[in-house]
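Only one structure is covered here, and it is reproduced in the block below.
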Amino acid sequence: MKHWTEGFDDDDADESLVRPYTITGGRTAPERDDLTLITLVTTMSEVSSDTGHGLRRMQPEHRTILTLCARPLAVAEVASALNLPVSVTKILIGDLIEAGQMRSRPPLAFAQAGGFPSMTILEAVRDGLRNL
């Protein structure tokens with residue numbers, strides 16, 4: 001997916017800001033305050049026919065988010081995949097949650113009662129870093 005600002009000259013910097021504004025219908029801040037960078041979002045597995053009709057009125061970015069989130073992703077990952085600012089992505093995800101197309105949940109805490117992460121998680125992170 002190409003970034004929405006590709007093809008703009010530096011002289012057209014003001015025009016490049018119009019696209020996110022139009023994607024969100026003029027909204028500049030998300031209505032939901034529970035969406036953080038690490039909030040996990042996922043597409044609802046069963047979408048009713050009532051909410052399915054609303055997909056036609058959505059932006060292409062809404063449909064892309066629904067496709068991306070077939071498996072749980074963090075808000076930051078969705079923003080990165082769309083090449084859009086996180087604030088715009090939060091607004092779009094909020095639209096989908098409100099329409100019943102998606103659900104969100106805070107990330108699961110991995111710390112044990114003692115406040116330290118388990119050795120399994122630390123080893124998994126270590127192994128993942130080694131594989132990079």
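Please note that chains go A, B, ... in the order of the structure tokens, that every chain numbers its residues from 1, and that ligands are numbered from 1 in the order shown.
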
Closest atom pairs, residues of region 54-98 of chain A within 8 Å of region 24-35 of chain A, only C-alpha atoms, as a tab-separated table:
```
residue	atom	partner	partner_atom	distance
A:Val75	CA	A:Leu35	CA	7.4
A:Ser87	CA	A:Ala29	CA	6.5
A:Val88	CA	A:Thr24	CA	6.8
A:Lys90	CA	A:Pro30	CA	5.9
A:Ile91	CA	A:Pro30	CA	4.6
A:Leu92	CA	A:Thr24	CA	6.8
A:Gly94	CA	A:Arg32	CA	6.5
```

Close residues, Thr67 (chain A) itself excluded, 12 Å, only C-alpha atoms, min 4 positions apart in chain, as a list in words: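 Contacts, in chain order: Val41, Thr42, Thr43, Met44, Ser45, Pro60, Glu61, His62, Arg63, Arg71, Pro72, Leu73, Val78, Ala81, Leu82, Gln101 and Met102 of chain A.
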
Between CA of Arg130 (chain A) and CA of Leu68 (chain A), distance in Å (one decimal):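 Separation between CA of Arg130 (chain A) and CA of Leu68 (chain A): 26.9 Å.
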